[in-house]
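S.K.: Structure file data_17.cif, mmCIF, C-alpha atoms and all ligand atoms, is pasted below:
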data_data
#
loop_
_atom_site.group_PDB
_atom_site.id
_atom_site.type_symbol
_atom_site.label_atom_id
_atom_site.label_comp_id
_atom_site.auth_asym_id
_atom_site.auth_seq_id
_atom_site.Cartn_x
_atom_site.Cartn_y
_atom_site.Cartn_z
ATOM 1 C CA MET Y 1 12.529 -26.161 12.035
ATOM 2 C CA SER Y 2 14.990 -26.973 9.282
ATOM 3 C CA ARG Y 3 16.968 -25.186 6.599
ATOM 4 C CA PRO Y 4 14.873 -26.317 3.591
ATOM 5 C CA ALA Y 5 11.552 -25.310 5.231
ATOM 6 C CA PRO Y 6 9.761 -22.310 3.729
ATOM 7 C CA ILE Y 7 9.574 -18.836 5.285
ATOM 8 C CA GLY Y 8 6.062 -17.600 6.077
ATOM 9 C CA VAL Y 9 5.144 -14.060 5.066
ATOM 10 C CA PHE Y 10 1.928 -12.577 6.354
ATOM 11 C CA ASP Y 11 -0.143 -9.480 5.581
ATOM 12 C CA SER Y 12 -3.816 -8.561 5.636
ATOM 13 C CA GLY Y 13 -3.660 -8.373 1.832
ATOM 14 C CA VAL Y 14 -1.307 -7.521 -1.020
ATOM 15 C CA GLY Y 15 0.793 -5.002 0.961
ATOM 16 C CA GLY Y 16 3.298 -7.609 2.103
ATOM 17 C CA LEU Y 17 4.143 -8.296 -1.550
ATOM 18 C CA SER Y 18 6.277 -5.138 -1.381
ATOM 19 C CA VAL Y 19 8.291 -6.858 1.375
ATOM 20 C CA LEU Y 20 8.285 -10.247 -0.372
ATOM 21 C CA GLY Y 21 9.981 -8.631 -3.381
ATOM 22 C CA GLU Y 22 12.888 -7.517 -1.175
ATOM 23 C CA LEU Y 23 13.056 -10.913 0.566
ATOM 24 C CA ARG Y 24 13.224 -12.705 -2.783
ATOM 25 C CA ARG Y 25 15.959 -10.378 -4.032
ATOM 26 C CA LEU Y 26 18.129 -11.046 -0.989
ATOM 27 C CA LEU Y 27 17.211 -14.702 -0.382
ATOM 28 C CA PRO Y 28 16.649 -16.157 -3.877
ATOM 29 C CA HIS Y 29 17.125 -19.769 -2.749
ATOM 30 C CA GLU Y 30 14.437 -19.698 -0.077
ATOM 31 C CA ASN Y 31 10.889 -20.989 -0.510
ATOM 32 C CA PHE Y 32 8.078 -18.794 0.782
ATOM 33 C CA ILE Y 33 4.429 -19.185 1.750
ATOM 34 C CA TYR Y 34 2.632 -15.850 1.509
ATOM 35 C CA LEU Y 35 -0.624 -15.671 3.446
ATOM 36 C CA ALA Y 36 -3.036 -12.767 2.899
ATOM 37 C CA ASP Y 37 -5.994 -12.461 5.259
ATOM 38 C CA THR Y 38 -8.121 -10.811 2.598
ATOM 39 C CA ALA Y 39 -11.365 -11.970 4.257
ATOM 40 C CA HIS Y 40 -10.685 -9.603 7.175
ATOM 41 C CA LEU Y 41 -8.923 -6.572 5.736
ATOM 42 C CA PRO Y 42 -8.458 -3.709 6.317
ATOM 43 C CA TYR Y 43 -6.870 -4.421 9.690
ATOM 44 C CA GLY Y 44 -6.187 -0.721 10.298
ATOM 45 C CA ALA Y 45 -9.789 0.024 11.223
ATOM 46 C CA ARG Y 46 -10.104 -2.907 13.684
ATOM 47 C CA PRO Y 47 -9.650 -2.883 17.465
ATOM 48 C CA GLY Y 48 -6.242 -4.071 18.702
ATOM 49 C CA GLU Y 49 -7.741 -7.230 20.207
ATOM 50 C CA ASP Y 50 -9.105 -8.265 16.793
ATOM 51 C CA ILE Y 51 -5.801 -7.572 15.061
ATOM 52 C CA ARG Y 52 -3.964 -9.681 17.654
ATOM 53 C CA ALA Y 53 -6.418 -12.578 17.281
ATOM 54 C CA LEU Y 54 -6.411 -12.537 13.464
ATOM 55 C CA THR Y 55 -2.630 -12.287 13.269
ATOM 56 C CA GLY Y 56 -2.265 -15.128 15.791
ATOM 57 C CA GLY Y 57 -4.579 -17.296 13.669
ATOM 58 C CA ALA Y 58 -2.661 -16.551 10.484
ATOM 59 C CA VAL Y 59 0.745 -17.268 12.018
ATOM 60 C CA SER Y 60 -0.638 -20.474 13.513
ATOM 61 C CA GLU Y 61 -1.795 -21.508 10.029
ATOM 62 C CA LEU Y 62 1.675 -20.838 8.621
ATOM 63 C CA HIS Y 63 3.233 -22.745 11.520
ATOM 64 C CA SER Y 64 1.032 -25.751 10.795
ATOM 65 C CA ARG Y 65 2.375 -25.674 7.204
ATOM 66 C CA GLY Y 66 5.916 -26.136 8.495
ATOM 67 C CA VAL Y 67 7.472 -22.692 8.066
ATOM 68 C CA LYS Y 68 10.815 -22.089 9.813
ATOM 69 C CA ALA Y 69 10.161 -18.377 10.508
ATOM 70 C CA VAL Y 70 7.458 -15.786 9.885
ATOM 71 C CA VAL Y 71 7.843 -12.254 8.581
ATOM 72 C CA VAL Y 72 4.865 -10.183 9.706
ATOM 73 C CA ALA Y 73 4.881 -7.964 6.605
ATOM 74 C CA CYS Y 74 2.242 -5.623 7.986
ATOM 75 C CA ASN Y 75 2.875 -2.571 10.152
ATOM 76 C CA THR Y 76 -0.576 -2.718 11.706
ATOM 77 C CA ALA Y 77 -0.304 -6.383 12.699
ATOM 78 C CA SER Y 78 3.258 -5.822 13.970
ATOM 79 C CA ALA Y 79 2.129 -2.871 16.082
ATOM 80 C CA PHE Y 80 -0.266 -5.050 18.074
ATOM 81 C CA SER Y 81 0.980 -8.615 17.892
ATOM 82 C CA LEU Y 82 4.741 -9.102 17.973
ATOM 83 C CA GLU Y 83 5.195 -9.700 21.708
ATOM 84 C CA ASN Y 84 2.265 -12.044 21.764
ATOM 85 C CA LEU Y 85 3.535 -14.055 18.781
ATOM 86 C CA ARG Y 86 7.056 -14.320 20.165
ATOM 87 C CA ALA Y 87 5.706 -15.656 23.444
ATOM 88 C CA ARG Y 88 3.545 -18.189 21.625
ATOM 89 C CA PHE Y 89 5.823 -19.570 18.902
ATOM 90 C CA GLU Y 90 9.369 -20.832 19.145
ATOM 91 C CA MET Y 91 10.327 -20.018 15.556
ATOM 92 C CA PRO Y 92 11.762 -16.569 14.719
ATOM 93 C CA ILE Y 93 9.070 -13.889 14.239
ATOM 94 C CA ILE Y 94 10.262 -10.853 12.317
ATOM 95 C CA GLY Y 95 8.159 -7.705 12.426
ATOM 96 C CA LEU Y 96 8.069 -4.310 10.777
ATOM 97 C CA VAL Y 97 8.619 -0.878 12.214
ATOM 98 C CA PRO Y 98 8.176 2.349 10.224
ATOM 99 C CA ALA Y 99 11.474 3.532 8.683
ATOM 100 C CA LEU Y 100 11.880 6.514 11.012
ATOM 101 C CA LYS Y 101 15.615 6.029 11.610
ATOM 102 C CA PRO Y 102 16.785 6.636 7.997
ATOM 103 C CA ALA Y 103 14.232 9.452 7.605
ATOM 104 C CA VAL Y 104 15.626 11.251 10.670
ATOM 105 C CA ALA Y 105 19.170 10.801 9.353
ATOM 106 C CA ALA Y 106 18.266 12.192 5.905
ATOM 107 C CA THR Y 107 15.983 15.145 6.640
ATOM 108 C CA GLN Y 108 17.299 18.592 5.713
ATOM 109 C CA THR Y 109 14.247 20.486 6.947
ATOM 110 C CA GLY Y 110 13.977 18.766 10.333
ATOM 111 C CA VAL Y 111 10.414 17.690 9.504
ATOM 112 C CA VAL Y 112 9.519 14.077 8.705
ATOM 113 C CA GLY Y 113 6.097 12.841 7.645
ATOM 114 C CA VAL Y 114 4.644 9.397 8.387
ATOM 115 C CA LEU Y 115 1.741 8.023 6.378
ATOM 116 C CA ALA Y 116 0.051 5.196 8.293
ATOM 117 C CA THR Y 117 -3.162 3.302 8.861
ATOM 118 C CA PRO Y 118 -5.359 4.253 11.831
ATOM 119 C CA GLY Y 119 -4.234 1.024 13.547
ATOM 120 C CA THR Y 120 -0.519 1.764 13.257
ATOM 121 C CA LEU Y 121 -1.089 5.258 14.653
ATOM 122 C CA ARG Y 122 -2.912 3.755 17.658
ATOM 123 C CA GLY Y 123 -0.247 1.123 18.343
ATOM 124 C CA THR Y 124 2.772 1.857 20.509
ATOM 125 C CA LEU Y 125 5.498 0.807 18.022
ATOM 126 C CA LEU Y 126 5.357 4.077 16.076
ATOM 127 C CA GLN Y 127 5.548 6.144 19.283
ATOM 128 C CA ASP Y 128 8.515 4.028 20.372
ATOM 129 C CA VAL Y 129 10.514 4.744 17.200
ATOM 130 C CA ILE Y 130 9.620 8.438 17.372
ATOM 131 C CA HIS Y 131 10.946 8.581 20.959
ATOM 132 C CA THR Y 132 14.035 6.552 20.080
ATOM 133 C CA PHE Y 133 15.098 8.262 16.855
ATOM 134 C CA ALA Y 134 13.281 11.558 16.195
ATOM 135 C CA ASP Y 135 13.017 13.148 19.644
ATOM 136 C CA PRO Y 136 16.723 12.981 20.550
ATOM 137 C CA ALA Y 137 17.606 14.473 17.127
ATOM 138 C CA GLY Y 138 15.100 17.321 17.543
ATOM 139 C CA VAL Y 139 13.243 16.203 14.402
ATOM 140 C CA ARG Y 140 9.523 16.963 14.193
ATOM 141 C CA VAL Y 141 7.347 14.021 13.110
ATOM 142 C CA LEU Y 142 3.978 14.725 11.523
ATOM 143 C CA THR Y 143 1.562 11.882 10.959
ATOM 144 C CA ALA Y 144 -1.035 11.532 8.215
ATOM 145 C CA VAL Y 145 -3.659 8.840 8.344
ATOM 146 C CA SER Y 146 -6.028 7.379 5.795
ATOM 147 C CA ALA Y 147 -8.426 4.492 6.098
ATOM 148 C CA GLU Y 148 -9.097 4.575 2.343
ATOM 149 C CA LEU Y 149 -5.723 3.827 0.830
ATOM 150 C CA VAL Y 150 -5.426 0.129 1.756
ATOM 151 C CA PRO Y 151 -8.847 -0.750 0.245
ATOM 152 C CA LEU Y 152 -7.925 1.255 -2.892
ATOM 153 C CA VAL Y 153 -4.672 -0.698 -3.369
ATOM 154 C CA GLU Y 154 -6.582 -3.946 -2.785
ATOM 155 C CA ALA Y 155 -9.055 -2.908 -5.461
ATOM 156 C CA GLY Y 156 -6.212 -2.532 -7.987
ATOM 157 C CA GLN Y 157 -6.561 1.269 -7.846
ATOM 158 C CA ALA Y 158 -3.053 2.251 -6.753
ATOM 159 C CA ASP Y 159 -2.726 4.603 -9.707
ATOM 160 C CA SER Y 160 -6.278 5.911 -10.078
ATOM 161 C CA GLU Y 161 -7.598 9.480 -9.981
ATOM 162 C CA GLN Y 162 -9.561 8.627 -6.818
ATOM 163 C CA THR Y 163 -6.372 7.459 -5.086
ATOM 164 C CA ARG Y 164 -4.504 10.573 -6.139
ATOM 165 C CA ALA Y 165 -7.301 12.739 -4.733
ATOM 166 C CA VAL Y 166 -7.070 10.933 -1.375
ATOM 167 C CA LEU Y 167 -3.285 11.347 -1.378
ATOM 168 C CA ARG Y 168 -3.605 15.073 -2.224
ATOM 169 C CA GLU Y 169 -5.894 15.647 0.704
ATOM 170 C CA THR Y 170 -3.983 13.433 3.141
ATOM 171 C CA LEU Y 171 -0.439 14.557 2.342
ATOM 172 C CA SER Y 172 -0.851 18.268 1.547
ATOM 173 C CA PRO Y 173 -0.584 19.285 5.238
ATOM 174 C CA LEU Y 174 2.756 17.466 5.487
ATOM 175 C CA ALA Y 175 4.079 19.153 2.350
ATOM 176 C CA GLY Y 176 2.818 22.515 3.650
ATOM 177 C CA ALA Y 177 4.652 21.984 6.952
ATOM 178 C CA GLY Y 178 7.966 21.389 5.162
ATOM 179 C CA ALA Y 179 8.344 17.613 5.473
ATOM 180 C CA ASP Y 180 11.061 16.435 3.085
ATOM 181 C CA GLN Y 181 10.931 12.715 4.003
ATOM 182 C CA LEU Y 182 7.810 10.579 3.868
ATOM 183 C CA VAL Y 183 7.882 7.310 5.788
ATOM 184 C CA LEU Y 184 5.477 4.819 4.227
ATOM 185 C CA GLY Y 185 4.152 3.267 7.428
ATOM 186 C CA CYS Y 186 2.115 0.526 5.785
ATOM 187 C CA THR Y 187 3.334 -2.161 3.410
ATOM 188 C CA HIS Y 188 0.590 -1.325 0.920
ATOM 189 C CA TYR Y 189 1.963 2.174 0.435
ATOM 190 C CA PRO Y 190 5.098 1.473 -1.657
ATOM 191 C CA PHE Y 191 2.582 0.603 -4.400
ATOM 192 C CA LEU Y 192 1.409 4.248 -4.208
ATOM 193 C CA ALA Y 193 4.854 5.652 -5.009
ATOM 194 C CA ASN Y 194 3.914 6.579 -8.594
ATOM 195 C CA SER Y 195 0.765 8.366 -7.477
ATOM 196 C CA ILE Y 196 2.569 10.224 -4.689
ATOM 197 C CA ARG Y 197 5.281 11.344 -7.108
ATOM 198 C CA ALA Y 198 2.665 12.376 -9.675
ATOM 199 C CA GLU Y 199 1.003 14.613 -7.087
ATOM 200 C CA PHE Y 200 3.984 15.901 -5.121
ATOM 201 C CA GLY Y 201 6.987 15.524 -7.442
ATOM 202 C CA ASN Y 202 10.194 15.437 -5.407
ATOM 203 C CA THR Y 203 8.727 17.162 -2.354
ATOM 204 C CA PHE Y 204 9.337 14.044 -0.284
ATOM 205 C CA ALA Y 205 11.878 11.249 -0.391
ATOM 206 C CA LEU Y 206 9.860 8.053 0.092
ATOM 207 C CA LEU Y 207 11.089 5.526 2.654
ATOM 208 C CA ASP Y 208 9.826 2.039 3.398
ATOM 209 C CA SER Y 209 11.113 -0.823 5.544
ATOM 210 C CA GLY Y 210 11.182 -3.638 2.959
ATOM 211 C CA ALA Y 211 14.929 -3.810 2.288
ATOM 212 C CA ALA Y 212 15.840 -3.424 5.974
ATOM 213 C CA VAL Y 213 13.435 -6.204 6.955
ATOM 214 C CA ALA Y 214 14.901 -8.491 4.308
ATOM 215 C CA ARG Y 215 18.411 -7.867 5.675
ATOM 216 C CA HIS Y 216 17.205 -8.452 9.219
ATOM 217 C CA THR Y 217 15.506 -11.697 8.158
ATOM 218 C CA ARG Y 218 18.715 -12.946 6.555
ATOM 219 C CA ASN Y 219 20.685 -12.153 9.743
ATOM 220 C CA VAL Y 220 18.135 -13.849 11.984
ATOM 221 C CA LEU Y 221 18.113 -16.998 9.840
ATOM 222 C CA GLN Y 222 21.880 -17.018 9.576
ATOM 223 C CA ASN Y 223 22.296 -16.758 13.361
ATOM 224 C CA ALA Y 224 19.787 -19.578 13.848
ATOM 225 C CA ALA Y 225 21.536 -21.756 11.205
ATOM 226 C CA LEU Y 226 18.293 -21.778 9.222
ATOM 227 C CA LEU Y 227 19.361 -20.287 5.884
ATOM 228 C CA SER Y 228 18.559 -22.598 2.976
ATOM 229 C CA ASP Y 229 21.573 -24.332 1.487
ATOM 230 C CA HIS Y 230 19.761 -25.089 -1.796
ATOM 231 C CA GLN Y 231 21.317 -23.827 -4.994
ATOM 232 C CA GLN Y 232 18.198 -23.658 -7.130
ATOM 233 C CA GLN Y 233 15.747 -20.737 -7.270
ATOM 234 C CA GLY Y 234 13.152 -20.921 -4.466
ATOM 235 C CA GLU Y 235 9.397 -20.867 -5.010
ATOM 236 C CA VAL Y 236 6.450 -18.964 -3.581
ATOM 237 C CA SER Y 237 2.951 -20.199 -2.921
ATOM 238 C CA TYR Y 238 0.205 -17.718 -2.149
ATOM 239 C CA LEU Y 239 -2.789 -18.305 0.095
ATOM 240 C CA VAL Y 240 -5.776 -16.019 0.576
ATOM 241 C CA THR Y 241 -8.563 -16.272 3.142
ATOM 242 C CA GLY Y 242 -11.064 -14.394 0.958
ATOM 243 C CA ASP Y 243 -12.279 -14.696 -2.621
ATOM 244 C CA VAL Y 244 -9.489 -16.104 -4.848
ATOM 245 C CA LYS Y 245 -11.082 -14.935 -8.076
ATOM 246 C CA ALA Y 246 -11.231 -11.341 -6.887
ATOM 247 C CA ALA Y 247 -7.669 -11.516 -5.534
ATOM 248 C CA ARG Y 248 -6.054 -13.043 -8.629
ATOM 249 C CA PRO Y 249 -5.743 -9.972 -10.898
ATOM 250 C CA VAL Y 250 -4.439 -7.759 -8.106
ATOM 251 C CA PHE Y 251 -1.886 -10.366 -7.028
ATOM 252 C CA ALA Y 252 -0.898 -10.899 -10.642
ATOM 253 C CA ALA Y 253 -0.249 -7.177 -11.049
ATOM 254 C CA LEU Y 254 1.677 -6.702 -7.812
ATOM 255 C CA CYS Y 255 3.491 -9.941 -7.004
ATOM 256 C CA PRO Y 256 7.265 -9.755 -7.485
ATOM 257 C CA ALA Y 257 8.281 -10.426 -11.091
ATOM 258 C CA GLN Y 258 10.466 -13.379 -10.170
ATOM 259 C CA THR Y 259 7.556 -15.286 -8.534
ATOM 260 C CA LYS Y 260 5.448 -15.598 -11.683
ATOM 261 C CA PRO Y 261 3.538 -17.717 -12.692
ATOM 262 C CA LEU Y 262 1.248 -17.191 -9.754
ATOM 263 C CA HIS Y 263 0.290 -20.147 -7.516
ATOM 264 C CA LEU Y 264 -2.657 -18.631 -5.661
ATOM 265 C CA THR Y 265 -5.132 -20.762 -3.721
ATOM 266 C CA ALA Y 266 -7.846 -20.336 -1.130
ATOM 267 C CA LEU Y 267 -6.788 -21.254 2.373
ATOM 268 C CA GLY Y 268 -7.678 -24.899 2.831
ATOM 269 C CA GLY Y 269 -8.099 -25.257 -0.957
HETATM 270 N N1 LIG Y 301 -0.251 -3.763 4.910
HETATM 271 C C1 LIG Y 301 -0.867 -3.435 6.174
HETATM 272 C C2 LIG Y 301 0.062 -2.549 7.005
HETATM 273 O O1 LIG Y 301 1.240 -2.521 6.729
HETATM 274 C C3 LIG Y 301 -2.243 -2.916 5.946
HETATM 275 C C4 LIG Y 301 -3.103 -2.991 7.162
HETATM 276 C C5 LIG Y 301 -4.590 -2.969 6.879
HETATM 277 O O2 LIG Y 301 -5.128 -3.993 6.429
HETATM 278 O O3 LIG Y 301 -5.178 -1.930 7.188
HETATM 279 O O4 LIG Y 301 -0.332 -1.911 7.946
#
If you convert what's in this file into structure tokens, what do you get?
M.R.:
Amino acid sequence: MSRPAPIGVFDSGVGGLSVLGELRRLLPHENFIYLADTAHLPYGARPGEDIRALTGGAVSELHSRGVKAVVVACNTASAFSLENLRARFEMPIIGLVPALKPAVAATQTGVVGVLATPGTLRGTLLQDVIHTFADPAGVRVLTAVSAELVPLVEAGQADSEQTRAVLRETLSPLAGAGADQLVLGCTHYPFLANSIRAEFGNTFALLDSGAAVARHTRNVLQNAALLSDHQQQGEVSYLVTGDVKAARPVFAALCPAQTKPLHLTALGG
């Protein structure tokens, strides 16, 4: 592991691009390899064993490409795989937890909503943060789950009428119960912010973990003496396990502005 080596960023699909944007803002001199396991998404509907195996394979691929650390930019993969990955790899592995802490601090109504994939709801990480932050503060946490939203974002439909209809149905119970904070418990969901606001106005403040994870990544690299000392702007290369042609327009629309033009290739290609 060395300072000039790239940082690996992993997600099942385009969701981790919302985290990559924050990483690039905070660490502009770092190079990144972004790996999307598009051949196997959505992860949220898979058994935990599968998620662990797929995530292990992806991180191993990034490791073989010489990354100095990996950010698991996927709540579902983090929920099932972090311990396993940390036991297996020596490099720093940074994971995601839903942004419950700031939501609990900000709520005025005492009710916080969490929108997550079925996988993240099944994993123990979410329960852990609820016990750590919400329970002691007496804040009620209501969860909403959808298996449809990730595939809709992947299909370039983050702003479509169909997506808004799913959001209406999924989030109305939270609005009805008085939630004033909505934790976006999946890295695909920041891309739904416009649609959520179009449907619910300012009912909820929207919270995601991207900026906090970027800060944590910087601290971890700094403590390990692994921050890049380059002065020039870093670069990003993108790898997908599925169909590159299908992925290209969605990546082009969602990848952080400062990483264009897009270097997107098939894994092994
Ligand atoms: N971006 C992933 C997450 O944060 C989506 C998981 C999936 O593929 O269902 O959970």
S.K.: What are the centre and edge lengths in Å, to one decimal, of the axis-aligned box around all listed atoms of ligand LIG 301 (chain Y) with 3 Å added on each side, as lines of an AutoDock Vina configuration file?
M.R.:
center_x = -2.0
center_y = -3.0
center_z = 6.4
size_x = 12.4
size_y = 8.1
size_z = 9.0
S.K.: At a cut-off of 8 Å and counting only C-alpha atoms and all ligand atoms, what residues surround ligand LIG 301 (chain Y)? Please answer as an mmCIF file with C-alpha atoms, in the frame of the given file.
M.R.:
data_model
loop_
_atom_site.group_PDB
_atom_site.id
_atom_site.type_symbol
_atom_site.label_atom_id
_atom_site.label_comp_id
_atom_site.auth_asym_id
_atom_site.auth_seq_id
_atom_site.Cartn_x
_atom_site.Cartn_y
_atom_site.Cartn_z
ATOM 1 C CA ASP Y 11 -0.143 -9.480 5.581
ATOM 2 C CA SER Y 12 -3.816 -8.561 5.636
ATOM 3 C CA GLY Y 13 -3.660 -8.373 1.832
ATOM 4 C CA VAL Y 14 -1.307 -7.521 -1.020
ATOM 5 C CA GLY Y 15 0.793 -5.002 0.961
ATOM 6 C CA GLY Y 16 3.298 -7.609 2.103
ATOM 7 C CA HIS Y 40 -10.685 -9.603 7.175
ATOM 8 C CA LEU Y 41 -8.923 -6.572 5.736
ATOM 9 C CA PRO Y 42 -8.458 -3.709 6.317
ATOM 10 C CA TYR Y 43 -6.870 -4.421 9.690
ATOM 11 C CA GLY Y 44 -6.187 -0.721 10.298
ATOM 12 C CA ALA Y 45 -9.789 0.024 11.223
ATOM 13 C CA ALA Y 73 4.881 -7.964 6.605
ATOM 14 C CA CYS Y 74 2.242 -5.623 7.986
ATOM 15 C CA ASN Y 75 2.875 -2.571 10.152
ATOM 16 C CA THR Y 76 -0.576 -2.718 11.706
ATOM 17 C CA ALA Y 77 -0.304 -6.383 12.699
ATOM 18 C CA ALA Y 116 0.051 5.196 8.293
ATOM 19 C CA THR Y 117 -3.162 3.302 8.861
ATOM 20 C CA PRO Y 118 -5.359 4.253 11.831
ATOM 21 C CA GLY Y 119 -4.234 1.024 13.547
ATOM 22 C CA THR Y 120 -0.519 1.764 13.257
ATOM 23 C CA ALA Y 147 -8.426 4.492 6.098
ATOM 24 C CA VAL Y 150 -5.426 0.129 1.756
ATOM 25 C CA PRO Y 151 -8.847 -0.750 0.245
ATOM 26 C CA GLY Y 185 4.152 3.267 7.428
ATOM 27 C CA CYS Y 186 2.115 0.526 5.785
ATOM 28 C CA THR Y 187 3.334 -2.161 3.410
ATOM 29 C CA HIS Y 188 0.590 -1.325 0.920
ATOM 30 C CA TYR Y 189 1.963 2.174 0.435
#
S.K.: With 12 Å as the cut-off and all atoms listed in the file counted, what is the closest atom pair between each nearby residue of range 101-196 of chain Y and range 88-97 of chain Y? Distances in Å to one decimal, ordered by chain and number, as CSV.
M.R.:
residue,atom,partner,partner_atom,distance
Y:Lys101,CA,Y:Val97,CA,9.8
Y:Pro102,CA,Y:Val97,CA,11.9
Y:Val114,CA,Y:Val97,CA,11.7
Y:Ala116,CA,Y:Val97,CA,11.2
Y:Thr120,CA,Y:Val97,CA,9.6
Y:Leu121,CA,Y:Val97,CA,11.7
Y:Gly123,CA,Y:Val97,CA,11.0
Y:Thr124,CA,Y:Val97,CA,10.5
Y:Leu125,CA,Y:Val97,CA,6.8
Y:Leu126,CA,Y:Val97,CA,7.1
Y:Gln127,CA,Y:Val97,CA,10.4
Y:Asp128,CA,Y:Val97,CA,9.5
Y:Val129,CA,Y:Val97,CA,7.7
Y:Ile130,CA,Y:Val97,CA,10.7
Y:Val183,CA,Y:Val97,CA,10.4
Y:Leu184,CA,Y:Val97,CA,10.3
Y:Gly185,CA,Y:Val97,CA,7.7
Y:Cys186,CA,Y:Leu96,CA,9.2
Y:Thr187,CA,Y:Leu96,CA,9.0
S.K.: Please, what distance in Å, to one decimal, runs between CA of Val141 in chain Y and CA of Leu115 in chain Y?
M.R.: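 If I compute the distance from CA of Val141 in chain Y to CA of Leu115 in chain Y, I get 10.6 Å.
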S.K.: Apply the PyMOL selection byres (((chain Y and resi 161-175) around 10) and not hetatm) to the file shown and report the selected residues as a VMD selection string.
M.R.: chain Y and resid 111 to 115 141 to 149 152 to 153 157 to 160 176 to 182 192 194 to 200 203 to 204
S.K.: Check the smallest atom-to-atom distance from each of Y:Asn219, Y:Thr265, Y:Ser78, Y:Ser64 to Val240 in chain Y using all atoms listed in the file, then report the winner.
M.R.: Y:Thr265
S.K.: Counting all atoms listed in the file, figure out which residue out of Y:Tyr238, Y:Phe251, Y:Phe133, Y:Phe80 gets nearest to Glu154 in chain Y.
M.R.: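 Smallest distance to Glu154 in chain Y is found for Y:Phe251.
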S.K.: Residues picked by the PyMOL selection byres (((chain Y and resi 213) around 9) and not hetatm) here, as number ranges by chain?
M.R.: Y: 19, 22-23, 71, 73, 94-97, 209-212, 214-218
S.K.: Write the residues you've just listed into a file as a compact mmCIF listing (two decimals), in the coordinates of the input, and include C-alpha atoms for each of them.
M.R.:
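To be explicit, this is the file written out as out_25.txt:
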# COMPACT_ATOMS: atom_id res chain seq x y z
CA VAL Y 19 8.29 -6.86 1.38
CA GLU Y 22 12.89 -7.52 -1.18
CA LEU Y 23 13.06 -10.91 0.57
CA VAL Y 71 7.84 -12.25 8.58
CA ALA Y 73 4.88 -7.96 6.60
CA ILE Y 94 10.26 -10.85 12.32
CA GLY Y 95 8.16 -7.70 12.43
CA LEU Y 96 8.07 -4.31 10.78
CA VAL Y 97 8.62 -0.88 12.21
CA SER Y 209 11.11 -0.82 5.54
CA GLY Y 210 11.18 -3.64 2.96
CA ALA Y 211 14.93 -3.81 2.29
CA ALA Y 212 15.84 -3.42 5.97
CA ALA Y 214 14.90 -8.49 4.31
CA ARG Y 215 18.41 -7.87 5.68
CA HIS Y 216 17.20 -8.45 9.22
CA THR Y 217 15.51 -11.70 8.16
CA ARG Y 218 18.72 -12.95 6.56
S.K.: Of the residues Y:Ala266, Y:Ala137, Y:Ala257, Y:Ala252, which is the one nearest to Ala36 in chain Y, using only C-alpha atoms?
M.R.: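 Ranked by minimum distance to Ala36 in chain Y, first place goes to Y:Ala266.
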S.K.: Record the distance separating CA of Gly66 in chain Y and CA of Pro190 in chain Y, expressed in Å with one decimal.
M.R.: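 A separation of 29.4 Å between them.
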S.K.: Please measure the separation of CA of Asn223 in chain Y and CA of Phe32 in chain Y, giving the value in Å to one decimal.
M.R.: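 Separation between CA of Asn223 in chain Y and CA of Phe32 in chain Y: 19.1 Å.
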S.K.: With the file shown as input, list the residues that the PyMOL selection byres (((chain Y and resi 4) around 12) and not hetatm) selects, as JSON, numbers by chain.
M.R.: {"Y": [1, 2, 3, 5, 6, 7, 29, 30, 31, 32, 66, 67, 68, 69, 221, 225, 226, 227, 228, 229, 230, 231, 232, 234, 235]}
S.K.: Return the single residue from Y:Ile51, Y:Ala224, Y:Val236, Y:Val250 that is closest to Leu20 in chain Y, with distances computed using only C-alpha atoms.
M.R.: Y:Val236
S.K.: In terms of the shortest atom-to-atom distance over all atoms listed in the file, which of Y:Arg25, Y:Gly138, Y:Pro98, Y:Arg122 is closest to Gly110 in chain Y?
M.R.: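 Residue with the minimum atom-to-atom distance to Gly110 in chain Y: Y:Gly138.
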S.K.: Is there a way to complete range 28-36 of chain Y with N, CA and C atoms and then write that out as a PDB file, keeping the file's coordinate frame?
M.R.:
ATOM      1  N   PRO Y  28      17.267 -15.538  -2.693  1.00  0.00           N
ATOM      2  CA  PRO Y  28      16.649 -16.157  -3.877  1.00  0.00           C
ATOM      3  C   PRO Y  28      16.494 -17.672  -3.777  1.00  0.00           C
ATOM      4  N   HIS Y  29      17.210 -18.301  -2.831  1.00  0.00           N
ATOM      5  CA  HIS Y  29      17.125 -19.769  -2.749  1.00  0.00           C
ATOM      6  C   HIS Y  29      16.113 -20.256  -1.719  1.00  0.00           C
ATOM      7  N   GLU Y  30      15.436 -19.319  -1.084  1.00  0.00           N
ATOM      8  CA  GLU Y  30      14.437 -19.698  -0.077  1.00  0.00           C
ATOM      9  C   GLU Y  30      13.072 -19.920  -0.732  1.00  0.00           C
ATOM     10  N   ASN Y  31      12.301 -20.845  -0.147  1.00  0.00           N
ATOM     11  CA  ASN Y  31      10.889 -20.989  -0.510  1.00  0.00           C
ATOM     12  C   ASN Y  31      10.053 -20.158   0.463  1.00  0.00           C
ATOM     13  N   PHE Y  32       8.938 -19.644  -0.050  1.00  0.00           N
ATOM     14  CA  PHE Y  32       8.078 -18.794   0.782  1.00  0.00           C
ATOM     15  C   PHE Y  32       6.621 -19.257   0.687  1.00  0.00           C
ATOM     16  N   ILE Y  33       5.890 -19.099   1.797  1.00  0.00           N
ATOM     17  CA  ILE Y  33       4.429 -19.185   1.750  1.00  0.00           C
ATOM     18  C   ILE Y  33       3.902 -17.814   2.150  1.00  0.00           C
ATOM     19  N   TYR Y  34       3.183 -17.182   1.244  1.00  0.00           N
ATOM     20  CA  TYR Y  34       2.632 -15.850   1.509  1.00  0.00           C
ATOM     21  C   TYR Y  34       1.157 -16.000   1.846  1.00  0.00           C
ATOM     22  N   LEU Y  35       0.777 -15.563   3.030  1.00  0.00           N
ATOM     23  CA  LEU Y  35      -0.624 -15.671   3.446  1.00  0.00           C
ATOM     24  C   LEU Y  35      -1.237 -14.277   3.583  1.00  0.00           C
ATOM     25  N   ALA Y  36      -2.325 -14.052   2.848  1.00  0.00           N
ATOM     26  CA  ALA Y  36      -3.036 -12.767   2.899  1.00  0.00           C
ATOM     27  C   ALA Y  36      -4.421 -12.997   3.506  1.00  0.00           C
TER      28      ALA Y  36
END
